[in-house]
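First the structure, in the form of structure tokens, and then the observations on it.
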Protein chains: 2
Amino acid sequence: MRNAVSALEGSRIREVANEGLGREGVLKFWFGESDEVTPAFIREAAIASLHEGETFYAHNLGLPELRAALATYTARLHPTQAGQGLPDRLAVTSGGVNGLMLACQAVLDAGDEVVAVTPVWPNLVAQPLIMGAQVRRVPLRPGVDGAWGLDLAELLAAITPRTRLLVVNAPNNPSGWTLSADEQRAILAHCRQTGTWILADEVYERLYYAPTANGCAPSFLDHAKADDRLIVTHSFSKSFLMTGWRLGWLVMPPGLTDAMGKLIEFNTSCAPVFVQRAALQALARADEVTPALVAHLKTCRDTLVPALQALPGIEVATPLGGMYAFLRIHGQDDCLDVAKRLVREAGLGLAPGSAFGPEAAGWLRWCFASRDTGRLLEGVDRLKRWLRL
Amino acid sequence: MRNAVSALEGSRIREVANEGLGREGVLKFWFGESDEVTPAFIREAAIASLHEGETFYAHNLGLPELRAALATYTARLHPTQAGQGLPDRLAVTSGGVNGLMLACQAVLDAGDEVVAVTPVWPNLVAQPLIMGAQVRRVPLRPGVDGAWGLDLAELLAAITPRTRLLVVNAPNNPSGWTLSADEQRAILAHCRQTGTWILADEVYERLYYAPTANGCAPSFLDHAKADDRLIVTHSFSKSFLMTGWRLGWLVMPPGLTDAMGKLIEFNTSCAPVFVQRAALQALARADEVTPALVAHLKTCRDTLVPALQALPGIEVATPLGGMYAFLRIHGQDDCLDVAKRLVREAGLGLAPGSAFGPEAAGWLRWCFASRDTGRLLEGVDRLKRWLRL
């Protein structure tokens, strides 16, 4: 086995989840997944496709009708992208994570330098390492209010002509930090100068709670030209309650599309047609799914975060985007140990911040995507009792 | 974009298939796919899972019950593997091709040397190139009877202590060549000496037409110990008529399993649960599907090949395994041009041999997996008329 692979860190979230194996009644908020089943009408589209016998290979880049629907969807959310050749700049991928890996394969040679804004979902840092690249972390930092922020000057200084790729996930998992449009413009302008690719993981764009015109978080797509060295990854997982379906998509420059089709051929060949049919139905009825989902997640956030903020010794900010509360308990600095003890001693399953990088050691991530907000309050109660408050 | 990626060859099969776009009535034998829909009872298992709401993330390595069923299946086909810790040496992948790519990620650093037996399905050679490795081709060669053979001494001489990985696909796509058990033993012994990993693509093992005790082609698994540097890739596509489902599996040494779980996390995270439920049903009723399928494919082979052999100027051997007739037409050496002309002028869709490597320039691949054997004979008729015979 390669050293680069044996050195990949195991998931510390899974390490905590293992602590809960065989334990009854643990409230599980550790994974980045809602507990809601995919809406029935989306599942029915896949079922109809299976009945019709759509069990054959499909186009590498995705069904033409799905790419067309994604182009319409993208242009609606990001009007400046309309007329920039969108359908031909889209590829359907086997999940958001697969899109990220394909992007790394497209641009990263062994030895290349990558800058990553951290803490971040660990997959984003592992993928460059698998390609033999080297990752330099530029840390977000928590403010006095518990909200994490970016030192833009520090990030720009880290990105030099030797930087092949910038990896950035905003709205950010785990911290809830979000890039502003101004920051995106500055980063884009800087990367144009240095010739650096931007890999923007924007899977949480629809899970954004500030009032906006387009119903989503600021995106690099609002500022970029088609030809910019920008790859944006998306997923059906979060906005359409389709985690287990493994379907995502990429927006990329037109010059990359043919090569991406080849990379898809050599990685998974295509996504199943019946899964793509479900996605078509999800997009067709997006307005029935996503706004209600986001409104509910906002209720979840506004149930959980104030309840946590009311506890003494807990530091937690109200995140503008994503589906996580990111908190720290004063005096409890070993978050992996704390997360394991919370499972064993309180029946409360949270993810340790250190799973997302050393910058977040001491923090805990709480996924608030819960059908029943009562579960969230029961979790707060368990934390409170455990803290003997 | 990386040079390694922009240099990847586009599919010459697709180039021929594009020639058929908008053309009515072309008989398409170009892709490696049966025209039969997945059996209804397999589709019903996925449908039931979707009805039940199994739309969440699953284990990286696959459902425990699917890994257990695959262990039973593998040990039945390869009894020497029983008691060698099989379930823990298995990983469920998003297609056979995904398993191959994961294997390359696990063992290949940039600059590593790979030996590949060619001609071969182009994906097997492209994947090492994506990882930055260098590929040395050891060619099979056609004999006077049109059957392709391996010069074992030449292959062993090519594999040195500097060879990190041997890639071999047998039964072979496109040539139908199959490794013998003796050759497998010799290769395994040699690779143990040189410390070379073997990546054996054995997806066609069940599509084998010689009488055998276990109903499948010779496999490296018949000779290997659990700890050998051997990764065998399999797929549900061919033996269970499930091409579009994108599901396969790997058999590997136990020391690789944890790392493979991480690589799966970072590539696609998992296969959909409802797809895995279908696979469980396919395995449970494998004896209803695969033997009948193989018997039918043998009929297809024995319909097509003699009809081709009866034509003057056609060289084609009866393949022992796989689902392809590999033929050459005397005096027609530019197979890409011939394949395109056959589409345009005869309505016959074949794959050009050069798609599988320069060794096979001048040859044509004909997939004989056809529900209706009459289609195959109609294809031969079209070829005959085109040749003015």
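Identifiers in the structure tokens: chain A, B, ... in order shown; residue index from 1 per chain; ligand index from 1 in order shown.
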I'd like a table as a Markdown table: residues in chain B with an atom no more than 7 Å from chain A, each row giving the shortest atom pair and its distance in Å to one decimal, only C-alpha atoms counted, sorted by chain and rising residue number.
| residue | atom | partner | partner_atom | distance |
| --- | --- | --- | --- | --- |
| B:Met1 | CA | A:Val107 | CA | 4.9 |
| B:Arg2 | CA | A:Val107 | CA | 5.2 |
| B:Val5 | CA | A:Ala106 | CA | 6.3 |
| B:Ser6 | CA | A:Ala259 | CA | 6.3 |
| B:Gly10 | CA | A:Lys262 | CA | 6.8 |
| B:Val37 | CA | A:Gly53 | CA | 5.6 |
| B:Thr38 | CA | A:Thr55 | CA | 6.2 |
| B:Arg43 | CA | A:Leu50 | CA | 6.2 |
| B:Ile47 | CA | A:Ile47 | CA | 5.7 |
| B:Leu50 | CA | A:Arg43 | CA | 6.2 |
| B:Gly53 | CA | A:Val37 | CA | 5.6 |
| B:Thr55 | CA | A:Gly244 | CA | 4.7 |
| B:Phe56 | CA | A:Gly244 | CA | 4.1 |
| B:Tyr57 | CA | A:Gly244 | CA | 4.4 |
| B:Ser94 | CA | A:Thr268 | CA | 6.3 |
| B:Gly95 | CA | A:Thr268 | CA | 6.2 |
| B:Val97 | CA | A:Thr268 | CA | 5.9 |
| B:Asn98 | CA | A:Thr268 | CA | 5.0 |
| B:Met101 | CA | A:Asn267 | CA | 6.0 |
| B:Gln105 | CA | A:Ile130 | CA | 6.9 |
| B:Ala106 | CA | A:Met1 | CA | 5.7 |
| B:Val107 | CA | A:Met1 | CA | 4.9 |
| B:Leu108 | CA | A:Arg2 | CA | 6.7 |
| B:Asp109 | CA | A:Arg2 | CA | 6.7 |
| B:Ala110 | CA | A:Ala110 | CA | 6.2 |
| B:Asn123 | CA | A:Phe266 | CA | 5.5 |
| B:Gln127 | CA | A:Phe266 | CA | 6.4 |
| B:Ile130 | CA | A:Gln105 | CA | 6.9 |
| B:Met131 | CA | A:Met131 | CA | 6.7 |
| B:Met242 | CA | A:Thr55 | CA | 6.5 |
| B:Thr243 | CA | A:Phe56 | CA | 5.5 |
| B:Gly244 | CA | A:Phe56 | CA | 4.1 |
| B:Trp245 | CA | A:Pro272 | CA | 5.4 |
| B:Arg246 | CA | A:Pro272 | CA | 6.6 |
| B:Ala259 | CA | A:Ser6 | CA | 6.4 |
| B:Lys262 | CA | A:Gly10 | CA | 6.8 |
| B:Phe266 | CA | A:Asn123 | CA | 5.5 |
| B:Asn267 | CA | A:Asn98 | CA | 5.0 |
| B:Thr268 | CA | A:Asn98 | CA | 5.0 |
| B:Pro272 | CA | A:Gly244 | CA | 5.3 |
| B:Val273 | CA | A:Gly244 | CA | 6.9 |
Mobile chain B placed on reference chain A by ordered C-alpha fit, as a compact mmCIF listing (two decimals) with C-alpha atoms, in the first residue's frame:
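Below you can see selection.txt, which holds the result:
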# COMPACT_ATOMS: atom_id res chain seq x y z
CA MET B 1 -0.01 0.00 -0.02
CA ARG B 2 1.16 3.57 -0.64
CA ASN B 3 2.41 5.64 2.26
CA ALA B 4 0.07 8.41 1.13
CA VAL B 5 -2.85 6.03 1.61
CA SER B 6 -1.80 4.32 4.83
CA ALA B 7 -1.25 7.81 6.28
CA LEU B 8 -4.85 8.89 5.54
CA GLU B 9 -6.63 9.51 8.82
CA GLY B 10 -9.52 7.33 9.79
CA SER B 11 -12.75 9.15 10.50
CA ARG B 12 -12.92 10.37 14.08
CA ILE B 13 -16.67 10.73 13.65
CA ARG B 14 -16.86 7.02 12.96
CA GLU B 15 -14.65 6.43 16.01
CA VAL B 16 -17.27 8.18 18.11
CA ALA B 17 -20.13 6.43 16.32
CA ASN B 18 -18.47 3.08 17.08
CA GLU B 19 -18.74 4.04 20.76
CA GLY B 20 -22.49 3.90 20.26
CA LEU B 21 -22.61 0.42 18.69
CA GLY B 22 -25.02 -1.78 20.61
CA ARG B 23 -26.01 1.11 22.86
CA GLU B 24 -29.77 1.77 22.91
CA GLY B 25 -31.35 5.19 22.72
CA VAL B 26 -28.36 7.30 21.70
CA LEU B 27 -29.51 10.53 20.05
CA LYS B 28 -27.36 10.62 16.93
CA PHE B 29 -26.41 14.04 15.64
CA TRP B 30 -22.94 13.03 14.50
CA PHE B 31 -23.37 12.54 10.76
CA GLY B 32 -24.17 15.25 8.21
CA GLU B 33 -27.50 13.78 7.28
CA SER B 34 -31.13 14.53 7.96
CA ASP B 35 -33.24 11.76 9.49
CA GLU B 36 -35.93 12.40 6.85
CA VAL B 37 -36.53 9.89 4.08
CA THR B 38 -36.35 11.17 0.49
CA PRO B 39 -39.79 12.55 -0.53
CA ALA B 40 -42.02 9.83 -1.95
CA PHE B 41 -42.51 11.46 -5.35
CA ILE B 42 -38.74 11.43 -5.92
CA ARG B 43 -38.52 7.76 -4.97
CA GLU B 44 -41.49 7.04 -7.25
CA ALA B 45 -39.59 8.42 -10.23
CA ALA B 46 -36.79 5.92 -9.65
CA ILE B 47 -39.32 3.14 -9.15
CA ALA B 48 -41.05 3.98 -12.44
CA SER B 49 -37.69 3.94 -14.22
CA LEU B 50 -36.89 0.51 -12.76
CA HIS B 51 -40.29 -0.79 -13.83
CA GLU B 52 -39.58 0.50 -17.33
CA GLY B 53 -36.30 -1.41 -17.40
CA GLU B 54 -33.86 1.50 -17.51
CA THR B 55 -31.01 -0.67 -16.32
CA PHE B 56 -28.38 0.03 -18.98
CA TYR B 57 -25.25 2.17 -19.19
CA ALA B 58 -25.80 5.89 -19.63
CA HIS B 59 -23.78 8.85 -20.90
CA ASN B 60 -20.62 9.56 -18.93
CA LEU B 61 -21.64 13.18 -18.32
CA GLY B 62 -25.22 12.37 -17.36
CA LEU B 63 -28.57 12.19 -19.13
CA PRO B 64 -28.88 15.14 -21.54
CA GLU B 65 -32.24 16.05 -20.01
CA LEU B 66 -30.75 16.09 -16.50
CA ARG B 67 -27.88 18.30 -17.63
CA ALA B 68 -30.42 20.62 -19.26
CA ALA B 69 -32.50 20.74 -16.07
CA LEU B 70 -29.39 21.43 -14.00
CA ALA B 71 -28.48 24.26 -16.37
CA THR B 72 -31.90 25.83 -15.85
CA TYR B 73 -31.64 25.34 -12.09
CA THR B 74 -28.15 26.84 -11.95
CA ALA B 75 -29.05 29.84 -14.10
CA ARG B 76 -32.07 30.54 -11.92
CA LEU B 77 -29.94 30.61 -8.77
CA HIS B 78 -27.02 32.39 -10.43
CA PRO B 79 -28.44 34.55 -13.21
CA THR B 80 -25.03 35.79 -14.38
CA GLN B 81 -24.36 32.21 -15.52
CA ALA B 82 -27.25 32.32 -18.00
CA GLY B 83 -25.92 32.43 -21.54
CA GLN B 84 -22.50 31.17 -20.46
CA GLY B 85 -22.89 27.80 -22.12
CA LEU B 86 -24.08 26.01 -19.03
CA PRO B 87 -25.35 22.63 -20.17
CA ASP B 88 -22.00 21.89 -21.77
CA ARG B 89 -20.18 22.91 -18.59
CA LEU B 90 -22.05 20.43 -16.39
CA ALA B 91 -21.29 16.86 -15.44
CA VAL B 92 -23.43 14.54 -13.34
CA THR B 93 -21.33 12.73 -10.73
CA SER B 94 -21.78 9.80 -8.36
CA GLY B 95 -22.26 12.07 -5.36
CA GLY B 96 -20.78 15.41 -4.40
CA VAL B 97 -17.70 13.70 -3.00
CA ASN B 98 -17.15 11.97 -6.33
CA GLY B 99 -17.29 15.34 -8.09
CA LEU B 100 -14.62 16.67 -5.73
CA MET B 101 -12.40 13.66 -6.39
CA LEU B 102 -12.84 14.00 -10.15
CA ALA B 103 -11.87 17.66 -9.90
CA CYS B 104 -8.69 16.72 -8.01
CA GLN B 105 -7.87 14.12 -10.65
CA ALA B 106 -8.36 16.72 -13.37
CA VAL B 107 -5.97 19.32 -12.00
CA LEU B 108 -3.57 17.81 -9.46
CA ASP B 109 -0.26 16.23 -10.32
CA ALA B 110 1.81 14.60 -7.60
CA GLY B 111 3.82 17.22 -5.76
CA ASP B 112 1.42 20.04 -6.57
CA GLU B 113 0.64 22.55 -3.86
CA VAL B 114 -2.93 22.89 -2.61
CA VAL B 115 -4.24 25.54 -0.22
CA ALA B 116 -7.27 24.51 1.83
CA VAL B 117 -9.40 26.69 4.10
CA THR B 118 -9.85 24.71 7.32
CA PRO B 119 -11.42 23.29 9.46
CA VAL B 120 -13.28 21.45 6.77
CA TRP B 121 -14.96 18.17 5.90
CA PRO B 122 -11.93 15.85 5.95
CA ASN B 123 -12.60 14.43 2.48
CA LEU B 124 -11.61 17.73 0.90
CA VAL B 125 -8.11 17.49 2.30
CA ALA B 126 -7.71 13.73 1.83
CA GLN B 127 -8.46 13.82 -1.90
CA PRO B 128 -5.43 15.97 -2.84
CA LEU B 129 -3.26 13.70 -0.67
CA ILE B 130 -4.50 10.65 -2.62
CA MET B 131 -3.35 12.40 -5.79
CA GLY B 132 0.08 12.90 -4.22
CA ALA B 133 -0.34 16.65 -3.77
CA GLN B 134 0.68 18.64 -0.70
CA VAL B 135 -1.88 20.53 1.34
CA ARG B 136 -1.27 23.80 3.12
CA ARG B 137 -4.01 24.68 5.58
CA VAL B 138 -5.18 28.26 6.05
CA PRO B 139 -7.19 28.28 9.26
CA LEU B 140 -10.43 30.02 9.99
CA ARG B 141 -10.47 31.27 13.57
CA PRO B 142 -13.25 31.58 16.12
CA GLY B 143 -14.17 35.09 17.27
CA VAL B 144 -15.29 36.09 20.75
CA ASP B 145 -18.88 35.29 19.81
CA GLY B 146 -17.98 31.74 18.78
CA ALA B 147 -18.41 32.56 15.07
CA TRP B 148 -15.56 31.49 12.83
CA GLY B 149 -13.99 33.96 10.43
CA LEU B 150 -11.50 34.14 7.61
CA ASP B 151 -8.44 36.37 7.54
CA LEU B 152 -8.71 37.19 3.85
CA ALA B 153 -5.24 38.77 3.65
CA GLU B 154 -3.73 35.63 5.16
CA LEU B 155 -5.51 33.44 2.62
CA LEU B 156 -4.47 35.58 -0.35
CA ALA B 157 -0.87 35.67 0.87
CA ALA B 158 -0.89 31.87 1.02
CA ILE B 159 -2.02 31.55 -2.60
CA THR B 160 1.00 32.09 -4.84
CA PRO B 161 1.80 31.21 -8.46
CA ARG B 162 3.01 27.89 -7.06
CA THR B 163 -0.47 27.11 -5.73
CA ARG B 164 -2.19 24.81 -8.18
CA LEU B 165 -5.52 24.57 -6.37
CA LEU B 166 -7.51 26.37 -3.69
CA VAL B 167 -10.04 24.16 -1.91
CA VAL B 168 -12.80 26.00 -0.11
CA ASN B 169 -16.12 24.87 1.32
CA ALA B 170 -18.60 27.63 2.13
CA PRO B 171 -21.12 27.53 3.74
CA ASN B 172 -18.60 25.57 5.73
CA ASN B 173 -18.90 22.14 7.26
CA PRO B 174 -18.38 22.12 10.26
CA SER B 175 -18.18 25.76 11.32
CA GLY B 176 -21.09 27.37 9.48
CA TRP B 177 -18.73 30.10 8.24
CA THR B 178 -19.78 31.58 4.91
CA LEU B 179 -17.83 33.53 2.32
CA SER B 180 -19.17 36.96 1.41
CA ALA B 181 -19.57 38.02 -2.19
CA ASP B 182 -16.78 40.56 -1.72
CA GLU B 183 -14.44 37.88 -0.42
CA GLN B 184 -15.31 35.63 -3.35
CA ARG B 185 -14.56 38.44 -5.81
CA ALA B 186 -11.22 39.12 -4.12
CA ILE B 187 -10.25 35.44 -4.10
CA LEU B 188 -11.27 35.00 -7.72
CA ALA B 189 -9.28 38.06 -8.81
CA HIS B 190 -6.24 36.86 -6.88
CA CYS B 191 -6.44 33.33 -8.30
CA ARG B 192 -6.71 34.73 -11.82
CA GLN B 193 -3.37 36.44 -11.15
CA THR B 194 -1.66 33.38 -9.72
CA GLY B 195 -3.20 30.93 -12.21
CA THR B 196 -4.68 28.92 -9.35
CA TRP B 197 -7.71 26.65 -9.79
CA ILE B 198 -10.57 27.13 -7.32
CA LEU B 199 -12.45 24.04 -6.18
CA ALA B 200 -15.53 25.41 -4.46
CA ASP B 201 -17.63 22.92 -2.52
CA GLU B 202 -20.98 24.70 -2.45
CA VAL B 203 -23.23 21.78 -1.53
CA TYR B 204 -24.77 23.81 1.31
CA GLU B 205 -25.65 26.83 -0.82
CA ARG B 206 -29.41 26.30 -0.46
CA LEU B 207 -29.14 25.75 3.29
CA TYR B 208 -28.70 29.47 3.91
CA TYR B 209 -30.75 31.40 6.44
CA ALA B 210 -30.06 35.04 5.65
CA PRO B 211 -32.66 36.69 3.42
CA THR B 212 -31.39 36.78 -0.17
CA ALA B 213 -32.84 37.43 -3.59
CA ASN B 214 -32.01 34.03 -5.02
CA GLY B 215 -32.52 31.88 -1.94
CA CYS B 216 -28.95 30.74 -1.61
CA ALA B 217 -25.57 31.61 -0.19
CA PRO B 218 -23.03 33.73 -2.06
CA SER B 219 -21.40 31.62 -4.78
CA PHE B 220 -18.31 31.93 -6.90
CA LEU B 221 -20.69 31.36 -9.81
CA ASP B 222 -22.15 34.82 -9.19
CA HIS B 223 -18.86 36.40 -10.22
CA ALA B 224 -17.04 33.96 -12.48
CA LYS B 225 -16.75 33.83 -16.23
CA ALA B 226 -17.20 30.51 -17.96
CA ASP B 227 -13.48 30.28 -18.66
CA ASP B 228 -12.30 30.92 -15.11
CA ARG B 229 -10.32 28.13 -13.51
CA LEU B 230 -13.26 27.34 -11.26
CA ILE B 231 -14.91 24.02 -10.48
CA VAL B 232 -18.02 24.15 -8.31
CA THR B 233 -19.35 20.92 -6.80
CA HIS B 234 -22.94 20.27 -5.85
CA SER B 235 -24.98 17.43 -4.50
CA PHE B 236 -28.58 16.31 -4.35
CA SER B 237 -27.90 15.03 -0.83
CA LYS B 238 -28.60 18.05 1.32
CA SER B 239 -31.10 20.20 -0.63
CA PHE B 240 -33.27 17.26 -1.71
CA LEU B 241 -32.85 14.79 1.17
CA MET B 242 -31.07 12.34 -1.13
CA THR B 243 -27.87 11.44 0.76
CA GLY B 244 -27.99 7.72 0.01
CA TRP B 245 -28.59 8.16 -3.72
CA ARG B 246 -25.03 9.24 -4.42
CA LEU B 247 -25.70 11.93 -6.99
CA GLY B 248 -24.07 15.29 -7.51
CA TRP B 249 -22.87 17.56 -10.27
CA LEU B 250 -20.02 19.81 -11.31
CA VAL B 251 -19.96 23.21 -12.96
CA MET B 252 -16.68 23.73 -14.79
CA PRO B 253 -15.03 25.64 -17.64
CA PRO B 254 -16.03 24.40 -21.10
CA GLY B 255 -12.48 23.31 -21.89
CA LEU B 256 -12.62 20.76 -19.09
CA THR B 257 -15.86 18.99 -20.00
CA ASP B 258 -14.49 16.43 -22.46
CA ALA B 259 -11.71 15.44 -20.10
CA MET B 260 -14.21 15.21 -17.24
CA GLY B 261 -16.30 12.81 -19.32
CA LYS B 262 -13.23 10.60 -19.69
CA LEU B 263 -12.43 10.78 -15.98
CA ILE B 264 -16.01 9.78 -15.19
CA GLU B 265 -15.69 6.86 -17.61
CA PHE B 266 -12.57 5.71 -15.77
CA ASN B 267 -13.99 6.22 -12.26
CA THR B 268 -17.62 5.09 -12.24
CA SER B 269 -18.62 5.34 -15.96
CA CYS B 270 -21.98 6.92 -15.19
CA ALA B 271 -24.68 7.34 -12.58
CA PRO B 272 -27.59 4.85 -12.76
CA VAL B 273 -30.37 6.09 -15.04
CA PHE B 274 -33.05 5.39 -12.43
CA VAL B 275 -31.17 7.57 -9.95
CA GLN B 276 -30.95 10.33 -12.53
CA ARG B 277 -34.72 10.04 -13.17
CA ALA B 278 -35.28 10.65 -9.46
CA ALA B 279 -33.03 13.71 -9.66
CA LEU B 280 -34.99 15.04 -12.62
CA GLN B 281 -38.15 14.81 -10.59
CA ALA B 282 -36.44 16.47 -7.62
CA LEU B 283 -35.43 19.42 -9.80
CA ALA B 284 -38.83 19.64 -11.47
CA ARG B 285 -40.46 19.99 -8.06
CA ALA B 286 -37.59 21.71 -6.27
CA ASP B 287 -39.90 24.47 -5.08
CA GLU B 288 -41.97 21.92 -3.19
CA VAL B 289 -38.95 20.43 -1.46
CA THR B 290 -36.12 22.83 -0.80
CA PRO B 291 -37.83 25.96 0.59
CA ALA B 292 -39.85 23.90 3.06
CA LEU B 293 -36.76 21.93 4.01
CA VAL B 294 -34.73 25.09 4.55
CA ALA B 295 -37.53 26.67 6.59
CA HIS B 296 -37.62 23.57 8.76
CA LEU B 297 -33.84 23.55 9.15
CA LYS B 298 -34.01 27.19 10.20
CA THR B 299 -36.53 26.18 12.86
CA CYS B 300 -34.15 23.42 13.93
CA ARG B 301 -31.29 25.90 14.13
CA ASP B 302 -33.40 28.40 16.06
CA THR B 303 -34.50 25.68 18.44
CA LEU B 304 -31.08 24.24 19.13
CA VAL B 305 -28.72 27.20 19.15
CA PRO B 306 -30.55 29.43 21.66
CA ALA B 307 -31.05 26.44 23.94
CA LEU B 308 -27.32 25.80 23.83
CA GLN B 309 -26.50 29.48 24.24
CA ALA B 310 -28.62 29.50 27.40
CA LEU B 311 -26.28 27.01 29.04
CA PRO B 312 -23.40 28.53 30.98
CA GLY B 313 -19.96 27.58 29.69
CA ILE B 314 -21.14 26.80 26.15
CA GLU B 315 -19.85 28.88 23.29
CA VAL B 316 -21.82 28.60 20.06
CA ALA B 317 -22.71 31.04 17.28
CA THR B 318 -25.82 31.07 15.13
CA PRO B 319 -24.64 29.78 11.75
CA LEU B 320 -25.80 31.59 8.64
CA GLY B 321 -25.58 28.47 6.53
CA GLY B 322 -25.28 24.71 6.64
CA MET B 323 -26.92 22.34 9.10
CA TYR B 324 -24.50 22.31 11.99
CA ALA B 325 -24.13 24.01 15.33
CA PHE B 326 -20.43 24.21 16.19
CA LEU B 327 -19.85 24.53 19.89
CA ARG B 328 -17.23 24.46 22.58
CA ILE B 329 -17.65 23.58 26.23
CA HIS B 330 -15.37 25.53 28.50
CA GLY B 331 -12.95 23.34 30.37
CA GLN B 332 -13.50 20.38 28.03
CA ASP B 333 -10.63 20.58 25.56
CA ASP B 334 -10.20 16.95 24.44
CA CYS B 335 -13.17 16.87 22.07
CA LEU B 336 -12.66 13.26 20.92
CA ASP B 337 -12.74 12.08 24.52
CA VAL B 338 -15.68 14.34 25.32
CA ALA B 339 -17.62 13.09 22.30
CA LYS B 340 -17.04 9.47 23.34
CA ARG B 341 -18.01 10.18 26.93
CA LEU B 342 -21.17 11.98 25.79
CA VAL B 343 -22.18 8.82 23.93
CA ARG B 344 -21.47 6.54 26.86
CA GLU B 345 -22.55 8.73 29.74
CA ALA B 346 -25.29 10.90 28.23
CA GLY B 347 -26.59 9.04 25.17
CA LEU B 348 -25.73 12.07 23.03
CA GLY B 349 -23.95 11.59 19.70
CA LEU B 350 -21.92 14.56 18.46
CA ALA B 351 -18.96 14.78 16.10
CA PRO B 352 -15.59 15.85 17.49
CA GLY B 353 -14.19 19.05 15.98
CA SER B 354 -10.79 17.45 15.56
CA ALA B 355 -12.33 15.29 12.82
CA PHE B 356 -12.23 18.46 10.72
CA GLY B 357 -8.69 19.45 11.49
CA PRO B 358 -6.47 20.44 14.39
CA GLU B 359 -7.81 23.99 14.13
CA ALA B 360 -11.10 22.74 15.56
CA ALA B 361 -9.73 20.68 18.43
CA GLY B 362 -11.89 21.33 21.45
CA TRP B 363 -15.05 21.89 19.41
CA LEU B 364 -18.07 19.70 18.77
CA ARG B 365 -20.35 19.54 15.71
CA TRP B 366 -24.05 19.01 16.19
CA CYS B 367 -26.09 18.29 13.05
CA PHE B 368 -29.46 19.92 13.60
CA ALA B 369 -31.20 18.36 10.58
CA SER B 370 -33.88 16.57 12.58
CA ARG B 371 -37.45 15.86 11.57
CA ASP B 372 -38.54 16.29 15.17
CA THR B 373 -37.19 19.39 16.92
CA GLY B 374 -38.04 17.72 20.23
CA ARG B 375 -35.06 15.42 19.63
CA LEU B 376 -32.82 18.47 19.60
CA LEU B 377 -34.19 19.75 22.91
CA GLU B 378 -33.92 16.29 24.44
CA GLY B 379 -30.28 16.36 23.32
CA VAL B 380 -29.74 19.72 25.02
CA ASP B 381 -31.33 18.30 28.17
CA ARG B 382 -28.95 15.36 28.11
CA LEU B 383 -26.00 17.68 27.67
CA LYS B 384 -27.25 19.83 30.54
CA ARG B 385 -27.61 16.87 32.87
CA TRP B 386 -24.17 15.58 31.84
CA LEU B 387 -22.69 19.00 32.66
CA ARG B 388 -24.58 18.88 36.01
CA LEU B 389 -26.15 22.25 35.25
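Within region 64-147 of chain B, DSSP run on the backbone puts these residues in strand (DSSP E or B): B:Leu90, B:Ala91, B:Val92, B:Thr93, B:Glu113, B:Val114, B:Val115, B:Ala116, B:Val117, B:Thr118, B:Gln134, B:Val135, B:Arg136, B:Arg137, B:Val138, B:Pro139, B:Arg141, B:Pro142.
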(request) Could you give me, as a ChimeraX atom specification, each residue of region 32-130 of chain B that DSSP assigns to helix (DSSP H, G or I) when run on this structure's backbone? (result) /B:40-51,64-77,79-81,87-89,96-107,123-130
